[in-house]
>>> print(open('my_file.tsv').read())   # TSV, C-alpha atoms
chain	number	residue	atom	x	y	z
N	1	MET	CA	-96.35	-42.26	39.50
N	2	LYS	CA	-99.59	-40.53	38.61
N	3	GLU	CA	-102.86	-41.62	40.22
N	4	ASP	CA	-104.53	-44.44	38.33
N	5	PRO	CA	-108.03	-43.33	37.30
N	6	ASP	CA	-109.05	-47.00	37.28
N	7	ARG	CA	-107.85	-47.83	40.77
N	8	TYR	CA	-111.32	-48.26	42.20
N	9	LEU	CA	-112.50	-50.47	39.34
N	10	VAL	CA	-109.34	-52.55	39.57
N	11	GLN	CA	-109.80	-53.06	43.31
N	12	ARG	CA	-113.38	-54.18	42.78
N	13	ALA	CA	-112.34	-56.49	39.94
N	14	GLN	CA	-109.60	-57.96	42.13
N	15	CYS	CA	-112.25	-58.75	44.73
N	16	GLY	CA	-114.08	-60.83	42.14
N	17	ASP	CA	-116.47	-58.20	40.76
N	18	THR	CA	-116.68	-59.23	37.10
N	19	ARG	CA	-118.81	-56.21	36.21
N	20	ALA	CA	-116.00	-53.90	37.30
N	21	PHE	CA	-113.65	-55.79	35.02
N	22	GLY	CA	-116.25	-55.41	32.28
N	23	GLU	CA	-116.14	-51.64	32.70
N	24	LEU	CA	-112.37	-51.71	32.31
N	25	VAL	CA	-112.68	-53.85	29.19
N	26	GLN	CA	-115.23	-51.55	27.63
N	27	LYS	CA	-113.05	-48.55	28.40
N	28	TYR	CA	-109.95	-49.95	26.71
N	29	GLN	CA	-111.21	-52.48	24.18
N	30	ARG	CA	-110.86	-50.02	21.30
N	31	ARG	CA	-107.24	-49.13	22.07
N	32	ILE	CA	-106.28	-52.75	22.60
N	33	TYR	CA	-108.10	-53.74	19.41
N	34	GLU	CA	-106.18	-51.08	17.46
N	35	LEU	CA	-102.88	-52.43	18.76
N	36	ALA	CA	-103.94	-55.97	17.87
N	37	TYR	CA	-105.09	-54.83	14.43
N	38	ASN	CA	-101.73	-53.21	13.74
N	39	PHE	CA	-100.08	-56.57	14.27
N	40	THR	CA	-102.67	-58.77	12.58
N	41	HIS	CA	-104.15	-56.56	9.87
N	42	HIS	CA	-107.21	-58.78	10.06
N	43	PRO	CA	-110.28	-57.56	11.93
N	44	GLU	CA	-111.32	-61.04	13.02
N	45	ASP	CA	-107.85	-61.96	14.23
N	46	ALA	CA	-107.55	-58.60	15.98
N	47	TYR	CA	-110.90	-59.22	17.68
N	48	ASP	CA	-109.86	-62.67	18.87
N	49	LEU	CA	-106.44	-61.45	19.93
N	50	SER	CA	-108.01	-58.60	21.91
N	51	GLN	CA	-110.24	-61.08	23.71
N	52	GLU	CA	-107.23	-63.24	24.46
N	53	ILE	CA	-105.40	-60.20	25.86
N	54	PHE	CA	-108.21	-59.28	28.23
N	55	LEU	CA	-108.60	-62.90	29.29
N	56	LYS	CA	-104.90	-62.98	30.13
N	57	GLY	CA	-105.37	-59.73	32.01
N	58	PHE	CA	-108.22	-61.22	34.03
N	59	LYS	CA	-106.18	-64.30	34.88
N	60	ALA	CA	-103.25	-62.16	36.00
N	61	LEU	CA	-105.32	-59.55	37.79
N	62	ASN	CA	-104.32	-60.67	41.27
N	63	ARG	CA	-100.69	-60.03	40.36
N	64	PHE	CA	-101.38	-56.42	39.42
N	65	GLU	CA	-100.00	-54.36	42.29
N	66	SER	CA	-100.76	-50.81	41.15
N	67	LYS	CA	-97.11	-50.02	40.45
N	68	SER	CA	-98.32	-48.65	37.13
N	69	THR	CA	-101.71	-47.62	35.81
N	70	PHE	CA	-104.07	-50.36	34.72
N	71	TYR	CA	-103.78	-49.25	31.10
N	72	THR	CA	-99.95	-49.39	31.13
N	73	TRP	CA	-100.21	-52.85	32.63
N	74	ILE	CA	-102.76	-54.22	30.17
N	75	TYR	CA	-100.90	-52.53	27.29
N	76	ARG	CA	-97.77	-54.44	28.29
N	77	ILE	CA	-99.71	-57.70	28.27
N	78	ALA	CA	-101.17	-56.74	24.89
N	79	LYS	CA	-97.78	-55.90	23.42
N	80	ASN	CA	-96.35	-59.24	24.50
N	81	ALA	CA	-99.41	-61.09	23.21
N	82	CYS	CA	-99.04	-59.34	19.83
N	83	ILE	CA	-95.36	-60.21	19.67
N	84	ASP	CA	-96.25	-63.83	20.44
N	85	TYR	CA	-98.87	-63.65	17.73
N	86	THR	CA	-96.31	-62.64	15.10
N	87	ARG	CA	-94.07	-65.50	16.24
N	88	ARG	CA	-96.94	-67.97	16.06
N	89	ARG	CA	-97.96	-66.76	12.63
N	90	ALA	CA	-94.40	-67.11	11.41
N	91	SER	CA	-94.39	-70.75	12.45
N	92	HIS	CA	-97.63	-71.39	10.53
N	93	LYS	CA	-98.40	-70.74	6.93
N	94	ASN	CA	-99.68	-67.28	6.10
N	95	ILE	CA	-103.28	-68.31	6.55
N	96	SER	CA	-105.16	-66.21	9.00
N	97	PHE	CA	-107.97	-67.39	11.14
N	98	ALA	CA	-110.15	-65.15	9.05
N	99	GLU	CA	-109.16	-66.94	5.87
N	100	GLU	CA	-109.73	-70.36	7.37
N	101	PHE	CA	-113.15	-69.34	8.62
N	102	PRO	CA	-115.02	-66.86	6.42
N	103	ALA	CA	-116.01	-63.60	8.05
N	104	ASP	CA	-119.33	-63.38	9.76
N	105	ASP	CA	-121.12	-60.35	8.33
N	106	PHE	CA	-122.82	-59.81	11.64
N	107	LEU	CA	-119.49	-59.23	13.34
N	108	PHE	CA	-117.32	-57.91	10.54
N	109	PRO	CA	-118.21	-55.82	7.52
N	110	SER	CA	-117.28	-57.66	4.35
N	111	GLY	CA	-115.84	-55.99	1.27
N	112	GLY	CA	-113.49	-53.57	3.05
N	113	PRO	CA	-114.02	-49.83	3.37
N	114	LYS	CA	-117.26	-48.42	2.09
N	115	ASP	CA	-115.73	-45.35	0.37
N	116	VAL	CA	-116.46	-46.06	-3.31
N	117	THR	CA	-114.97	-42.87	-4.82
N	118	MET	CA	-111.86	-43.21	-7.00
N	119	HIS	CA	-109.74	-41.77	-4.23
N	120	GLY	CA	-111.37	-44.12	-1.75
N	121	LEU	CA	-110.71	-47.15	-3.97
N	122	GLU	CA	-107.09	-46.09	-4.49
N	123	GLN	CA	-106.67	-45.68	-0.77
N	124	ALA	CA	-108.27	-49.05	-0.14
N	125	GLU	CA	-106.00	-50.65	-2.74
N	126	LEU	CA	-102.94	-48.97	-1.26
N	127	GLY	CA	-104.00	-50.00	2.25
N	128	LYS	CA	-104.34	-53.60	1.08
N	129	GLU	CA	-100.91	-53.52	-0.57
N	130	ILE	CA	-99.33	-52.03	2.51
N	131	ARG	CA	-100.90	-54.70	4.73
N	132	ASN	CA	-99.61	-57.40	2.39
N	133	ALA	CA	-96.15	-55.82	2.37
N	134	ILE	CA	-96.03	-55.67	6.15
N	135	GLN	CA	-97.07	-59.33	6.33
N	136	GLN	CA	-93.99	-60.13	4.26
N	137	LEU	CA	-91.59	-58.68	6.79
N	138	SER	CA	-89.82	-61.09	9.10
N	139	PRO	CA	-91.45	-61.39	12.55
N	140	ARG	CA	-88.71	-59.31	14.12
N	141	GLN	CA	-88.84	-56.60	11.44
N	142	LYS	CA	-92.59	-56.48	11.76
N	143	GLN	CA	-92.49	-56.17	15.55
N	144	VAL	CA	-89.92	-53.39	15.42
N	145	PHE	CA	-91.63	-51.48	12.62
N	146	ILE	CA	-95.06	-51.61	14.26
N	147	LEU	CA	-93.84	-50.70	17.71
N	148	ARG	CA	-91.87	-47.78	16.28
N	149	HIS	CA	-94.18	-46.35	13.64
N	150	TYR	CA	-97.63	-47.49	14.76
N	151	GLU	CA	-97.26	-47.40	18.51
N	152	GLY	CA	-94.72	-44.57	18.58
N	153	LEU	CA	-92.41	-46.28	21.06
N	154	ALA	CA	-88.88	-44.95	21.56
N	155	LEU	CA	-86.00	-47.11	20.36
N	156	ARG	CA	-84.95	-47.78	23.95
N	157	GLU	CA	-88.47	-48.95	24.88
N	158	ILE	CA	-88.57	-51.30	21.89
N	159	ALA	CA	-85.17	-52.64	22.82
N	160	ASP	CA	-86.36	-53.32	26.37
N	161	THR	CA	-89.59	-54.93	25.18
N	162	LEU	CA	-87.87	-57.24	22.74
N	163	ASN	CA	-84.81	-57.75	24.90
N	164	LEU	CA	-82.47	-56.52	22.18
N	165	ARG	CA	-79.85	-53.81	21.91
N	166	VAL	CA	-80.75	-50.41	20.50
N	167	GLY	CA	-78.27	-51.01	17.67
N	168	SER	CA	-80.15	-54.16	16.65
N	169	ILE	CA	-83.44	-52.30	16.71
N	170	LYS	CA	-82.02	-49.64	14.36
N	171	ALA	CA	-80.76	-52.34	12.02
N	172	HIS	CA	-84.13	-54.16	11.97
N	173	LEU	CA	-85.92	-50.87	11.45
N	174	PHE	CA	-83.72	-49.96	8.52
N	175	SER	CA	-84.07	-53.34	6.84
N	176	ALA	CA	-87.85	-53.31	7.41
N	177	THR	CA	-88.20	-49.87	5.85
N	178	ARG	CA	-86.00	-50.82	2.90
N	179	LYS	CA	-87.99	-53.98	2.28
N	180	LEU	CA	-91.26	-52.06	2.45
N	181	ARG	CA	-89.88	-49.45	0.08
N	182	ASP	CA	-89.00	-52.16	-2.44
N	183	LEU	CA	-92.36	-53.88	-2.08
N	184	LEU	CA	-94.31	-50.66	-2.35
N	185	ALA	CA	-92.15	-49.02	-5.02
N	186	PRO	CA	-94.87	-49.06	-7.74
N	187	TYR	CA	-97.32	-47.31	-5.43
N	188	LEU	CA	-94.86	-44.84	-3.99
N	189	GLU	CA	-93.81	-43.61	-7.42
N	190	ASN	CA	-97.42	-42.62	-8.12
C	191	MET	CA	-74.83	-40.54	15.94
C	192	SER	CA	-72.65	-37.70	17.18
C	193	PRO	CA	-73.79	-34.11	16.52
C	194	LYS	CA	-70.76	-33.58	14.31
C	195	ARG	CA	-71.54	-36.66	12.22
C	196	SER	CA	-75.18	-35.68	11.99
C	197	GLN	CA	-74.23	-32.23	10.74
C	198	GLN	CA	-71.93	-33.74	8.11
C	199	LEU	CA	-74.75	-36.00	6.92
C	200	GLU	CA	-77.18	-33.10	6.65
C	201	LEU	CA	-74.68	-31.11	4.63
C	202	HIS	CA	-74.14	-34.07	2.34
C	203	ILE	CA	-77.87	-34.60	1.79
C	204	ASP	CA	-78.26	-30.92	0.91
C	205	ASP	CA	-75.73	-31.35	-1.90
C	206	CYS	CA	-76.58	-34.88	-3.10
C	207	PRO	CA	-79.75	-35.37	-5.24
C	208	HIS	CA	-79.46	-39.19	-5.01
C	209	CYS	CA	-79.47	-39.21	-1.23
C	210	GLN	CA	-82.26	-36.61	-1.18
C	211	LYS	CA	-84.43	-38.93	-3.27
C	212	GLU	CA	-83.51	-41.91	-1.12
C	213	LEU	CA	-84.46	-40.03	2.03
C	214	GLN	CA	-87.77	-38.86	0.53
C	215	THR	CA	-88.64	-42.41	-0.50
C	216	PHE	CA	-87.89	-43.67	3.00
C	217	GLU	CA	-90.01	-40.95	4.56
C	218	LYS	CA	-92.83	-41.66	2.12
C	219	THR	CA	-92.63	-45.39	2.84
C	220	ILE	CA	-92.85	-44.83	6.57
C	221	HIS	CA	-95.69	-42.35	6.14
C	222	HIS	CA	-97.79	-44.69	3.99
C	223	ALA	CA	-96.96	-47.85	5.85
C	224	SER	CA	-97.85	-46.34	9.19
C	225	SER	CA	-101.13	-44.81	8.10
C	226	VAL	CA	-103.09	-47.92	7.20
C	227	PRO	CA	-106.62	-47.28	8.40
C	228	VAL	CA	-107.88	-49.65	11.06
C	229	GLU	CA	-110.85	-51.79	10.09
C	230	TYR	CA	-113.23	-51.98	13.01
C	231	PRO	CA	-115.84	-54.62	13.63
C	232	THR	CA	-119.49	-53.71	13.29
C	233	PRO	CA	-121.21	-51.90	16.18
C	234	GLU	CA	-122.96	-55.18	17.00
C	235	ALA	CA	-119.59	-56.88	17.33
C	236	TRP	CA	-118.39	-54.10	19.62
C	237	LYS	CA	-121.41	-54.58	21.80
C	238	ALA	CA	-120.84	-58.33	21.83
C	239	PHE	CA	-117.19	-57.93	22.83
C	240	TRP	CA	-117.67	-57.87	26.60
C	241	PRO	CA	-120.56	-60.39	26.75
C	242	THR	CA	-118.48	-62.84	24.69
C	243	LEU	CA	-115.46	-62.26	26.87
C	244	ARG	CA	-117.56	-62.64	30.01
C	245	VAL	CA	-118.64	-66.10	28.87
C	246	ARG	CA	-115.02	-67.05	28.23
C	247	ILE	CA	-114.03	-65.71	31.64
C	248	SER	CA	-116.80	-67.63	33.41
C	249	GLN	CA	-115.59	-70.81	31.71
C	250	SER	CA	-111.99	-70.24	32.76
C	251	GLU	CA	-110.41	-71.58	35.92
C	252	ALA	CA	-109.36	-68.06	36.81
C	253	PHE	CA	-113.00	-67.16	37.38
C	254	GLU	CA	-113.35	-69.48	40.37
C	255	GLU	CA	-109.89	-68.55	41.58
C	256	ASN	CA	-110.62	-64.82	41.42
C	257	ARG	CA	-113.59	-65.29	43.71
C	258	LEU	CA	-111.26	-66.08	46.60
C	259	PRO	CA	-110.18	-63.10	48.72
C	260	LEU	CA	-107.26	-61.23	47.19
C	261	TRP	CA	-104.88	-61.84	50.10
C	262	VAL	CA	-105.50	-65.59	49.87
C	263	ARG	CA	-104.80	-65.56	46.12
C	264	ARG	CA	-101.73	-63.42	46.49
C	265	HIS	CA	-100.17	-64.93	49.61
C	266	GLY	CA	-101.93	-68.29	49.96
C	267	TRP	CA	-98.92	-70.42	49.11
C	268	LYS	CA	-96.57	-68.28	51.17
C	269	MET	CA	-98.88	-68.46	54.17
C	270	ALA	CA	-99.30	-72.20	53.79
C	271	GLY	CA	-95.51	-72.53	53.69
C	272	VAL	CA	-95.05	-70.38	56.78
C	273	ALA	CA	-97.79	-72.31	58.59
C	274	CYS	CA	-96.08	-75.62	57.78
C	275	VAL	CA	-92.72	-74.34	59.01
C	276	LEU	CA	-94.32	-73.00	62.19
C	277	ALA	CA	-96.16	-76.27	62.79
C	278	LEU	CA	-92.92	-78.14	62.35
C	279	LEU	CA	-91.07	-75.83	64.75
C	280	VAL	CA	-93.81	-76.08	67.35
C	281	SER	CA	-93.78	-79.87	67.05
C	282	LEU	CA	-90.01	-79.97	67.43
C	283	TRP	CA	-90.18	-77.59	70.36
C	284	GLY	CA	-92.86	-79.76	71.99
C	285	LEU	CA	-90.90	-82.93	71.42
C	286	SER	CA	-87.61	-81.45	72.61
C	287	ASN	CA	-89.18	-80.43	75.90
C	288	ASN	CA	-91.29	-83.56	76.08
C	289	ARG	CA	-94.21	-81.21	76.53
C	290	LEU	CA	-96.52	-83.09	74.25
C	291	PHE	CA	-96.36	-86.14	76.46
C	292	LYS	CA	-96.56	-84.57	79.89
C	293	SER	CA	-99.33	-85.62	82.24
C	294	SER	CA	-102.15	-83.24	83.07
C	295	THR	CA	-100.63	-82.47	86.43
C	296	ASP	CA	-97.60	-81.07	84.58
C	297	ASN	CA	-99.63	-78.62	82.54
C	298	PRO	CA	-98.08	-75.14	82.32
C	299	THR	CA	-99.20	-72.91	85.12
C	300	PHE	CA	-100.86	-69.57	84.51
C	301	ASP	CA	-97.63	-67.99	85.54
C	302	ALA	CA	-95.76	-69.82	82.80
C	303	LEU	CA	-98.46	-69.06	80.26
C	304	ILE	CA	-98.50	-65.37	81.00
C	305	SER	CA	-94.78	-65.00	81.22
C	306	SER	CA	-94.36	-66.78	77.89
C	307	SER	CA	-96.95	-64.44	76.43
C	308	PHE	CA	-95.10	-61.42	77.74
C	309	MET	CA	-91.90	-62.87	76.37
C	310	ALA	CA	-93.74	-63.09	73.01
C	311	GLU	CA	-93.18	-66.80	72.86
C	312	ILE	CA	-96.86	-67.41	72.22
C	313	SER	CA	-99.53	-65.21	70.74
C	314	VAL	CA	-102.47	-63.85	72.70
C	315	ASP	CA	-104.78	-66.17	70.79
C	316	GLN	CA	-102.70	-69.13	71.80
C	317	LEU	CA	-102.69	-67.84	75.36
C	318	ARG	CA	-106.47	-67.56	75.31
C	319	GLN	CA	-106.83	-71.07	74.03
C	320	GLN	CA	-104.46	-72.46	76.61
C	321	VAL	CA	-106.03	-70.46	79.42
C	322	ASN	CA	-109.50	-71.64	78.43
C	323	HIS	CA	-108.20	-75.16	78.22
C	324	GLU	CA	-106.62	-74.78	81.64
C	325	LEU	CA	-109.81	-73.37	83.11
C	326	GLN	CA	-111.88	-76.17	81.67
C	327	ARG	CA	-109.43	-78.65	83.12
C	328	LEU	CA	-109.88	-76.97	86.49
C	329	ASP	CA	-113.62	-77.11	85.92
C	330	VAL	CA	-113.94	-73.35	86.32
C	331	PRO	CA	-117.07	-71.82	84.72
C	332	LEU	CA	-116.38	-69.64	81.70
C	333	VAL	CA	-118.28	-66.62	83.06
C	334	TRP	CA	-117.24	-64.67	86.11
C	335	ASP	CA	-119.10	-62.06	88.04
C	336	ASP	CA	-116.04	-60.16	89.06
C	337	ARG	CA	-112.34	-60.44	89.40
C	338	ARG	CA	-112.49	-61.41	93.04
C	339	SER	CA	-114.57	-64.51	92.29
C	340	LEU	CA	-112.24	-65.29	89.43
C	341	ILE	CA	-109.27	-65.16	91.76
C	342	ASP	CA	-111.11	-67.34	94.23
C	343	GLU	CA	-112.03	-69.82	91.55
C	344	ILE	CA	-108.53	-70.00	90.25
C	345	ARG	CA	-107.10	-70.63	93.67
C	346	THR	CA	-107.41	-74.36	93.33
C	347	PRO	CA	-104.92	-76.97	94.43
C	348	ASN	CA	-103.74	-77.41	90.85
C	349	SER	CA	-103.16	-73.73	90.20
C	350	GLU	CA	-100.36	-71.49	91.32
C	351	ALA	CA	-102.23	-68.33	90.41
C	352	SER	CA	-101.78	-65.33	92.61
C	353	THR	CA	-103.58	-62.00	92.71
C	354	ASP	CA	-100.74	-60.32	90.86
C	355	LEU	CA	-100.75	-63.02	88.30
C	356	VAL	CA	-104.46	-62.68	87.71
C	357	ASN	CA	-104.01	-58.93	87.33
C	358	GLN	CA	-101.38	-59.57	84.72
C	359	TRP	CA	-103.60	-62.08	83.04
C	360	PHE	CA	-106.49	-59.61	83.00
C	361	TYR	CA	-104.21	-57.08	81.43
C	362	VAL	CA	-103.15	-59.42	78.69
C	363	ILE	CA	-106.67	-60.44	77.83
C	364	THR	CA	-108.51	-57.17	78.31
C	365	SER	CA	-105.96	-55.29	76.24
C	366	GLU	CA	-107.00	-57.49	73.33
C	367	ILE	CA	-110.74	-57.26	73.88
C	368	ASP	CA	-112.69	-55.21	71.44
C	369	VAL	CA	-114.45	-52.83	73.82
C	370	GLU	CA	-117.53	-52.66	71.62
C	371	SER	CA	-117.89	-56.41	71.69
C	372	VAL	CA	-118.53	-56.39	75.41
C	373	GLY	CA	-121.37	-53.90	75.07
C	374	ASN	CA	-121.85	-51.60	77.99
C	375	GLU	CA	-119.01	-53.10	79.96
C	376	VAL	CA	-116.47	-50.47	79.04
C	377	PHE	CA	-113.04	-50.85	80.53
C	378	THR	CA	-111.67	-47.58	81.77
C	379	ASP	CA	-108.32	-48.96	82.70
C	380	ALA	CA	-106.04	-51.57	81.26
C	381	ILE	CA	-106.35	-53.47	84.53
C	382	PRO	CA	-110.04	-53.56	85.35
C	383	SER	CA	-111.47	-52.94	88.77
C	384	THR	CA	-113.20	-55.66	90.71
C	385	THR	CA	-116.59	-54.55	89.44
C	386	ASP	CA	-115.65	-55.03	85.81
C	387	ARG	CA	-117.07	-58.05	84.12
C	388	ILE	CA	-115.70	-60.18	81.39
C	389	ASP	CA	-117.71	-62.61	79.40
C	390	PHE	CA	-115.15	-65.13	78.25
C	391	VAL	CA	-117.57	-66.60	75.79
C	392	THR	CA	-116.83	-63.60	73.58
C	393	LEU	CA	-113.17	-64.47	73.51
C	394	ASP	CA	-113.51	-67.78	71.72
>>> encode(input="my_file.tsv", output="structure tokens")
Amino acid sequence: MKEDPDRYLVQRAQCGDTRAFGELVQKYQRRIYELAYNFTHHPEDAYDLSQEIFLKGFKALNRFESKSTFYTWIYRIAKNACIDYTRRRASHKNISFAEEFPADDFLFPSGGPKDVTMHGLEQAELGKEIRNAIQQLSPRQKQVFILRHYEGLALREIADTLNLRVGSIKAHLFSATRKLRDLLAPYLEN
Amino acid sequence: MSPKRSQQLELHIDDCPHCQKELQTFEKTIHHASSVPVEYPTPEAWKAFWPTLRVRISQSEAFEENRLPLWVRRHGWKMAGVACVLALLVSLWGLSNNRLFKSSTDNPTFDALISSSFMAEISVDQLRQQVNHELQRLDVPLVWDDRRSLIDEIRTPNSEASTDLVNQWFYVITSEIDVESVGNEVFTDAIPSTTDRIDFVTLD
């Protein structure tokens, strides 16, 4: 295993140094947020989910035994938290936290991307449609599609993460792609 | 998919316009669906990320728990379990030998204490405690000028200590003494000479 560049910070954090944990958070908050965003497609939800992930990480910090790097470890926590999120969302109506509580302009820019050219608007529209289409996938299809095409995980890794066989992953991936193709057909033809 | 099957599929796609279109649509779907730009919070929100989280952490139970030393957090329950088992075993051992109820005149001799230490039946710390207890019972002062006076002091009617035994005892205790903790009194040998001094106060 390669040397963990965060070993020293982790050791300090494990000894109760909250500032050291803060440094780790600031180092990885963007990457964890991006993972959370890929699953939520809502900035506010992604923000909250990222906070939840780091809080879980802090609570489990004494169980981290440096068998992997800190990032690999926190990424695993994040992945599981995101998978749980898709399960939780499936059991509720498709109302996000962000829709229940309007966005705070201080924290989140309202009105989407600021590119107001025709191309920018088209891209924004397409992005919105794609996000809606992905939200319509089943939780399992969504998990598989995101882990494969957003996170770039190998089929075997996805199978291990979700505790499924590789054959099942391929099947979910195929049905997810076909469903997306059908939902996005009008946009893809253009 | 086997290489042969894969080759057959590629050959088919080369000759089949329908499958070519299907494949292109799939590729396009994946390309578009996986390139949704991420919407980031405002810079102010990024800056507030850690302070907000820090507040949540300080309100969580884990915060107080993480202030304990790591080895306590990691092995606390195991150690408590082991301590309970050991306490139980010691109690049973004491009861089985009726040692817990023996009179003071039946206290273990230095010989027994040291031999049990050498036999690894008790730890050096336990030995120290028992030796100190024994010495207090014999009303021996806890500081000695030299080994000779120690031997003389220990030669009481209630003790079976001998010179050899005291040498052994010195060995057991001095081998555990942190040399720096006794200042200038550096031991040059595992068994100290008669001029060496030991301040037993440092042992407790």
>>> residues_around(input="my_file.tsv", residues="Gln135 in chain N", least_positions_apart="2", cutoff="12 Å", atoms="all atoms listed in the file", output="ChimeraX atom specification")
/N:38-42,86,89-90,93-96,128-133,137-143,145-146,176,179-180,183 /C:223
>>> atom_distance(input="my_file.tsv", atom1="CA of Arg19 in chain N", atom2="CA of Ser68 in chain N")
21.9 Å
>>> closest_atom_pairs(input="my_file.tsv", of="chain N", to="chain C", cutoff="7 Å", atoms="only C-alpha atoms", output="CSV")
residue,atom,partner,partner_atom,distance
N:Gln14,CA,C:Leu260,CA,6.5
N:Cys15,CA,C:Leu260,CA,6.1
N:Gly16,CA,C:Arg257,CA,4.8
N:Gly22,CA,C:Trp240,CA,6.4
N:Val25,CA,C:Trp240,CA,6.9
N:Gln26,CA,C:Trp240,CA,6.9
N:Glu34,CA,C:Val228,CA,6.8
N:Tyr37,CA,C:Val228,CA,6.8
N:Pro43,CA,C:Glu229,CA,6.1
N:Gln51,CA,C:Leu243,CA,6.2
N:Leu55,CA,C:Ile247,CA,6.6
N:Lys59,CA,C:Ala252,CA,5.3
N:Asn62,CA,C:Arg264,CA,6.4
N:Leu107,CA,C:Ala235,CA,4.6
N:Phe108,CA,C:Pro231,CA,4.8
N:Pro109,CA,C:Thr232,CA,6.3
N:Gly127,CA,C:Val226,CA,5.4
N:Ile130,CA,C:Ala223,CA,5.9
N:His149,CA,C:Ser224,CA,5.8
N:Tyr150,CA,C:Ser224,CA,5.7
N:Thr177,CA,C:Phe216,CA,6.8
N:Leu180,CA,C:Thr219,CA,6.8
N:Arg181,CA,C:Thr219,CA,5.6
>>> atom_distance(input="my_file.tsv", atom1="CA of Met269 in chain C", atom2="CA of Thr69 in chain N")
27.9 Å
>>> residues_around(input="my_file.tsv", residues="Val166 in chain N", least_positions_apart="5", cutoff="7 Å", atoms="all atoms listed in the file", output="list in words")
Leu155, Arg156 and Ala159 of chain N
>>> atom_distance(input="my_file.tsv", atom1="CA of Arg30 in chain N", atom2="CA of Ala60 in chain N")
20.5 Å
>>> residues_near_point(input="my_file.tsv", point="(-105.7, -60.5, 26.5)", cutoff="12 Å", atoms="all atoms listed in the file", output="MDAnalysis selection string")
(chainID N and resid 25 28:29 32:33 35:36 46:61 73:82 84:85) or (chainID C and resid 243 246:247)
>>> closest_residue(input="my_file.tsv", among="N:Glu189, N:Arg31, N:Ala171, N:Arg63", to="Glu151 in chain N", atoms="all atoms listed in the file")
N:Arg31
>>> residues_around(input="my_file.tsv", residues="Glu200 in chain C", least_positions_apart="6", cutoff="12 Å", atoms="all atoms listed in the file", output="list in words")
Pro193, Lys194, Cys206, Cys209, Gln210 and Leu213 of chain C
>>> closest_residue(input="my_file.tsv", among="N:Phe21, N:Ile134, N:Phe70, N:Ile83", to="Thr161 in chain N", atoms="only C-alpha atoms")
N:Ile83
>>> axis_aligned_box(input="my_file.tsv", around="range 165-176 of chain N", padding_each_side="8 Å", output="lines of an AutoDock Vina configuration file")
center_x = -83.1
center_y = -51.9
center_z = 14.4
size_x = 25.6
size_y = 20.5
size_z = 31.1
